[in-house]
Amino acid sequence: MLDSKKIEEVVQSLTDALPPGLVSMQQDVEKNIRAAMSATFAKLDLVTREEFDVQTQVLHRTREKLEALEKRVSELETEKE
């Protein structure tokens with residue numbers, strides 16, 4: 001899952017490790033690192049945490065509906081007998 005906080009942590013740790021002479025170019029370096037990481041993550045076909053959480057909720061509701069339908073089918077089958 002894609003977590004923007006983790007990306008920011010990685011970008012910050014990389015820019016913090018820059019030699020003192022490159023600190024003046026920090027914004028450009030951060031922008032380039034973000035762009036490179038975003039391109040890499042896009043190729044990996046990752047989803048954001050929010051998208052994952054939404055799909056988890058959808059799956060949970062679907063599972064509840066399925067269980068209710070299974071119970072109802074079982075009740076109807078019992079009534080036929």
# chains A, B, ... in the order shown; residues from 1 in each chain; ligands from 1
$ select_by_dssp --residues "chain A" --states "alpha helix (DSSP H)" --output "count of residues only"
63
$ residues_around --residues "region 31-35 of chain A" --least-positions-apart "2" --cutoff "9 Å" --atoms "only C-alpha atoms" --output "ChimeraX atom specification"
/A:7-8,11,14-15,26-29,37-40
$ atom_distance --atom1 "CA of Thr56 (chain A)" --atom2 "CA of Lys43 (chain A)"
23.0 Å
